[in-house]
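Coordinates as given in data_26.pdb (PDB, C-alpha atoms):
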MODEL        1
ATOM      1  CA  MET X 240      75.583  95.283  90.665  1.00  0.00           C
ATOM      2  CA  GLN X 241      74.542  94.594  87.071  1.00  0.00           C
ATOM      3  CA  THR X 242      71.075  95.112  85.689  1.00  0.00           C
ATOM      4  CA  LEU X 243      69.305  93.933  82.560  1.00  0.00           C
ATOM      5  CA  ALA X 244      68.775  96.932  80.335  1.00  0.00           C
ATOM      6  CA  ARG X 245      67.482  95.629  77.024  1.00  0.00           C
ATOM      7  CA  VAL X 246      67.036  92.349  75.225  1.00  0.00           C
ATOM      8  CA  GLU X 247      68.469  92.370  71.723  1.00  0.00           C
ATOM      9  CA  ASP X 248      68.288  89.277  69.520  1.00  0.00           C
ATOM     10  CA  GLY X 249      67.234  87.257  72.559  1.00  0.00           C
ATOM     11  CA  ASN X 250      70.349  88.228  74.525  1.00  0.00           C
ATOM     12  CA  PRO X 251      70.202  90.533  77.537  1.00  0.00           C
ATOM     13  CA  LYS X 252      72.353  93.651  77.417  1.00  0.00           C
ATOM     14  CA  VAL X 253      73.722  94.446  80.863  1.00  0.00           C
ATOM     15  CA  ILE X 254      74.506  97.921  82.179  1.00  0.00           C
ATOM     16  CA  PRO X 255      77.338  97.654  84.730  1.00  0.00           C
ATOM     17  CA  GLY X 256      76.728  99.610  87.910  1.00  0.00           C
ATOM     18  CA  SER X 257      73.021 100.102  87.298  1.00  0.00           C
ATOM     19  CA  THR X 258      71.082 101.084  90.382  1.00  0.00           C
ATOM     20  CA  LEU X 259      67.859  99.266  89.512  1.00  0.00           C
ATOM     21  CA  PRO X 260      67.251  95.601  90.344  1.00  0.00           C
ATOM     22  CA  GLU X 261      67.188  93.322  87.301  1.00  0.00           C
ATOM     23  CA  GLY X 262      63.482  92.494  87.608  1.00  0.00           C
ATOM     24  CA  ILE X 263      62.420  96.138  87.744  1.00  0.00           C
ATOM     25  CA  ALA X 264      64.657  97.083  84.827  1.00  0.00           C
ATOM     26  CA  ALA X 265      63.223  94.203  82.778  1.00  0.00           C
ATOM     27  CA  VAL X 266      59.639  95.345  83.438  1.00  0.00           C
ATOM     28  CA  LEU X 267      60.512  98.918  82.479  1.00  0.00           C
ATOM     29  CA  GLU X 268      62.237  97.714  79.310  1.00  0.00           C
ATOM     30  CA  ARG X 269      59.176  95.718  78.276  1.00  0.00           C
ATOM     31  CA  ARG X 270      57.017  98.831  78.635  1.00  0.00           C
ATOM     32  CA  LEU X 271      59.490 100.950  76.684  1.00  0.00           C
ATOM     33  CA  ASP X 272      59.848  98.344  73.935  1.00  0.00           C
ATOM     34  CA  ARG X 273      56.166  98.823  73.090  1.00  0.00           C
ATOM     35  CA  LEU X 274      56.957 102.378  71.983  1.00  0.00           C
ATOM     36  CA  SER X 275      58.454 103.509  68.708  1.00  0.00           C
ATOM     37  CA  SER X 276      62.174 104.194  68.768  1.00  0.00           C
ATOM     38  CA  GLU X 277      61.460 107.899  68.179  1.00  0.00           C
ATOM     39  CA  CYS X 278      59.219 108.002  71.254  1.00  0.00           C
ATOM     40  CA  GLN X 279      61.876 106.240  73.343  1.00  0.00           C
ATOM     41  CA  VAL X 280      64.484 108.812  72.291  1.00  0.00           C
ATOM     42  CA  LEU X 281      62.113 111.653  73.121  1.00  0.00           C
ATOM     43  CA  LEU X 282      61.386 110.188  76.571  1.00  0.00           C
ATOM     44  CA  SER X 283      65.120 109.838  77.210  1.00  0.00           C
ATOM     45  CA  LYS X 284      65.525 113.543  76.498  1.00  0.00           C
ATOM     46  CA  ALA X 285      62.584 114.306  78.779  1.00  0.00           C
ATOM     47  CA  ALA X 286      64.162 112.210  81.562  1.00  0.00           C
ATOM     48  CA  VAL X 287      67.065 114.669  81.636  1.00  0.00           C
ATOM     49  CA  LEU X 288      64.513 117.307  82.693  1.00  0.00           C
ATOM     50  CA  GLY X 289      63.411 115.180  85.647  1.00  0.00           C
ATOM     51  CA  GLY X 290      60.070 113.678  86.627  1.00  0.00           C
ATOM     52  CA  SER X 291      57.981 116.542  85.204  1.00  0.00           C
ATOM     53  CA  PHE X 292      58.364 118.862  82.256  1.00  0.00           C
ATOM     54  CA  GLN X 293      56.454 121.246  80.052  1.00  0.00           C
ATOM     55  CA  PHE X 294      56.136 120.966  76.298  1.00  0.00           C
ATOM     56  CA  GLY X 295      58.249 124.057  75.623  1.00  0.00           C
ATOM     57  CA  GLN X 296      61.141 122.640  77.630  1.00  0.00           C
ATOM     58  CA  LEU X 297      61.080 119.408  75.669  1.00  0.00           C
ATOM     59  CA  LEU X 298      60.545 121.077  72.309  1.00  0.00           C
ATOM     60  CA  SER X 299      63.813 122.962  72.623  1.00  0.00           C
ATOM     61  CA  MET X 300      65.602 119.621  73.154  1.00  0.00           C
ATOM     62  CA  ALA X 301      63.730 117.730  70.422  1.00  0.00           C
ATOM     63  CA  ASN X 302      64.652 119.962  67.521  1.00  0.00           C
ATOM     64  CA  GLU X 303      64.959 117.019  65.104  1.00  0.00           C
ATOM     65  CA  HIS X 304      61.136 116.796  64.987  1.00  0.00           C
ATOM     66  CA  PRO X 305      58.538 119.385  64.058  1.00  0.00           C
ATOM     67  CA  GLU X 306      56.197 120.461  66.850  1.00  0.00           C
ATOM     68  CA  ASP X 307      53.319 118.290  65.585  1.00  0.00           C
ATOM     69  CA  THR X 308      55.513 115.180  65.522  1.00  0.00           C
ATOM     70  CA  THR X 309      56.706 115.874  69.064  1.00  0.00           C
ATOM     71  CA  LEU X 310      53.079 116.155  70.188  1.00  0.00           C
ATOM     72  CA  ASP X 311      52.281 112.850  68.442  1.00  0.00           C
ATOM     73  CA  LEU X 312      55.186 111.174  70.258  1.00  0.00           C
ATOM     74  CA  LEU X 313      53.990 112.559  73.579  1.00  0.00           C
ATOM     75  CA  ASP X 314      50.508 111.206  72.802  1.00  0.00           C
ATOM     76  CA  GLU X 315      52.068 107.797  72.129  1.00  0.00           C
ATOM     77  CA  ALA X 316      53.710 107.867  75.569  1.00  0.00           C
ATOM     78  CA  LEU X 317      50.474 109.060  77.190  1.00  0.00           C
ATOM     79  CA  HIS X 318      48.465 106.238  75.593  1.00  0.00           C
ATOM     80  CA  ALA X 319      51.090 103.720  76.707  1.00  0.00           C
ATOM     81  CA  GLY X 320      50.720 104.966  80.282  1.00  0.00           C
ATOM     82  CA  LEU X 321      54.314 106.148  80.637  1.00  0.00           C
ATOM     83  CA  LEU X 322      53.294 109.787  80.995  1.00  0.00           C
ATOM     84  CA  THR X 323      50.389 111.641  82.558  1.00  0.00           C
ATOM     85  CA  GLU X 324      49.447 115.260  81.989  1.00  0.00           C
ATOM     86  CA  ASP X 325      48.049 118.097  84.084  1.00  0.00           C
ATOM     87  CA  GLY X 326      46.662 121.403  82.892  1.00  0.00           C
ATOM     88  CA  SER X 327      45.364 122.515  79.530  1.00  0.00           C
ATOM     89  CA  GLY X 328      46.331 124.543  76.503  1.00  0.00           C
ATOM     90  CA  SER X 329      49.856 125.908  76.700  1.00  0.00           C
ATOM     91  CA  LEU X 330      50.063 125.181  80.454  1.00  0.00           C
ATOM     92  CA  ILE X 331      50.265 121.388  80.251  1.00  0.00           C
ATOM     93  CA  THR X 332      52.781 119.699  82.513  1.00  0.00           C
ATOM     94  CA  TYR X 333      53.761 116.127  81.699  1.00  0.00           C
ATOM     95  CA  HIS X 334      54.755 113.706  84.454  1.00  0.00           C
ATOM     96  CA  PHE X 335      56.433 110.319  84.204  1.00  0.00           C
ATOM     97  CA  TRP X 336      54.167 107.675  85.729  1.00  0.00           C
ATOM     98  CA  HIS X 337      56.886 106.628  88.201  1.00  0.00           C
ATOM     99  CA  PRO X 338      60.310 107.984  89.229  1.00  0.00           C
ATOM    100  CA  LEU X 339      61.924 104.638  88.376  1.00  0.00           C
ATOM    101  CA  ILE X 340      61.202 105.138  84.678  1.00  0.00           C
ATOM    102  CA  VAL X 341      63.115 108.426  84.817  1.00  0.00           C
ATOM    103  CA  SER X 342      66.083 106.675  86.443  1.00  0.00           C
ATOM    104  CA  HIS X 343      65.970 103.845  83.929  1.00  0.00           C
ATOM    105  CA  LEU X 344      65.772 106.154  80.913  1.00  0.00           C
ATOM    106  CA  PHE X 345      68.642 108.232  82.258  1.00  0.00           C
ATOM    107  CA  GLU X 346      70.763 105.090  82.816  1.00  0.00           C
ATOM    108  CA  ARG X 347      70.016 103.935  79.253  1.00  0.00           C
ATOM    109  CA  LEU X 348      71.116 107.318  77.960  1.00  0.00           C
ATOM    110  CA  SER X 349      74.320 107.177  80.034  1.00  0.00           C
ATOM    111  CA  ALA X 350      75.041 103.621  78.847  1.00  0.00           C
ATOM    112  CA  ARG X 351      74.759 104.673  75.190  1.00  0.00           C
ATOM    113  CA  ARG X 352      77.340 107.386  75.770  1.00  0.00           C
ATOM    114  CA  SER X 353      79.844 104.894  77.221  1.00  0.00           C
TER     115      SER X 353
ENDMDL
END

What does this structure look like when you write it as structure tokens?
Amino acid sequence: MQTLARVEDGNPKVIPGSTLPEGIAAVLERRLDRLSSECQVLLSKAAVLGGSFQFGQLLSMANEHPEDTTLDLLDEALHAGLLTEDGSGSLITYHFWHPLIVSHLFERLSARRS
């Protein structure tokens, strides 16, 4: 099975062996494309942690950004509806809005490594 992963210059990029149907992957890509590239990279790192994560877990993986920038990128994802949050203060847990976005982000990350 092949699935649309990203449209670049009007041409679809296909990930061989993707587990998501083409239509679902295309919808997820459109939502991700609304985010800055820095936010997309951060979400890909968060996807490695699974469907939920805490700020401290992500911060240790996102060492290329200061803490305030990482928070701004998380806010961008929250406003775009790709993440939700529970808790307050230092006990906030972030959740991806749907497990399929985690799978898609992880597949994108794997495809870049190929």

_With 9 Å as the threshold, what does the neighbourhood of (64.8, 111.7, 76.3) contain in terms of residues, counting all atoms listed in the file? Coordinates are those of the file; answer as a ChimeraX atom specification._
/X:278-288,297,300-301,344-345,348

_Shell around stretch 316-319 of chain X at 10 Å using all atoms listed in the file, local window under 2 positions removed, as a PyMOL selection string_ = chain X and resi 270-271+273-275+278-279+281-282+310-314+321-324+333-336

*Which is closer to X:Ile331 than all the others in X:Ser291, X:Glu303, X:His343, X:Glu315, using only C-alpha atoms?*
X:Ser291

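For the pair atom CA of X:Gly326 and atom CA of X:His304, the separation is 23.5 Å.
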
*Find the distance between atom CA of X:Glu346 and atom CA of X:Gly320 and write it in Å to one decimal.*
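Taking atom CA of X:Glu346 and atom CA of X:Gly320, their separation equals 20.2 Å.
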
Return as AutoDock Vina command-line options the box centre and box size in Å, one decimal, for an axis-aligned box around all listed atoms of stretch 300-317 of chain X padded by 5 Å per side.
--center_x 58.0 --center_y 114.1 --center_z 70.6 --size_x 25.1 --size_y 22.7 --size_z 23.1
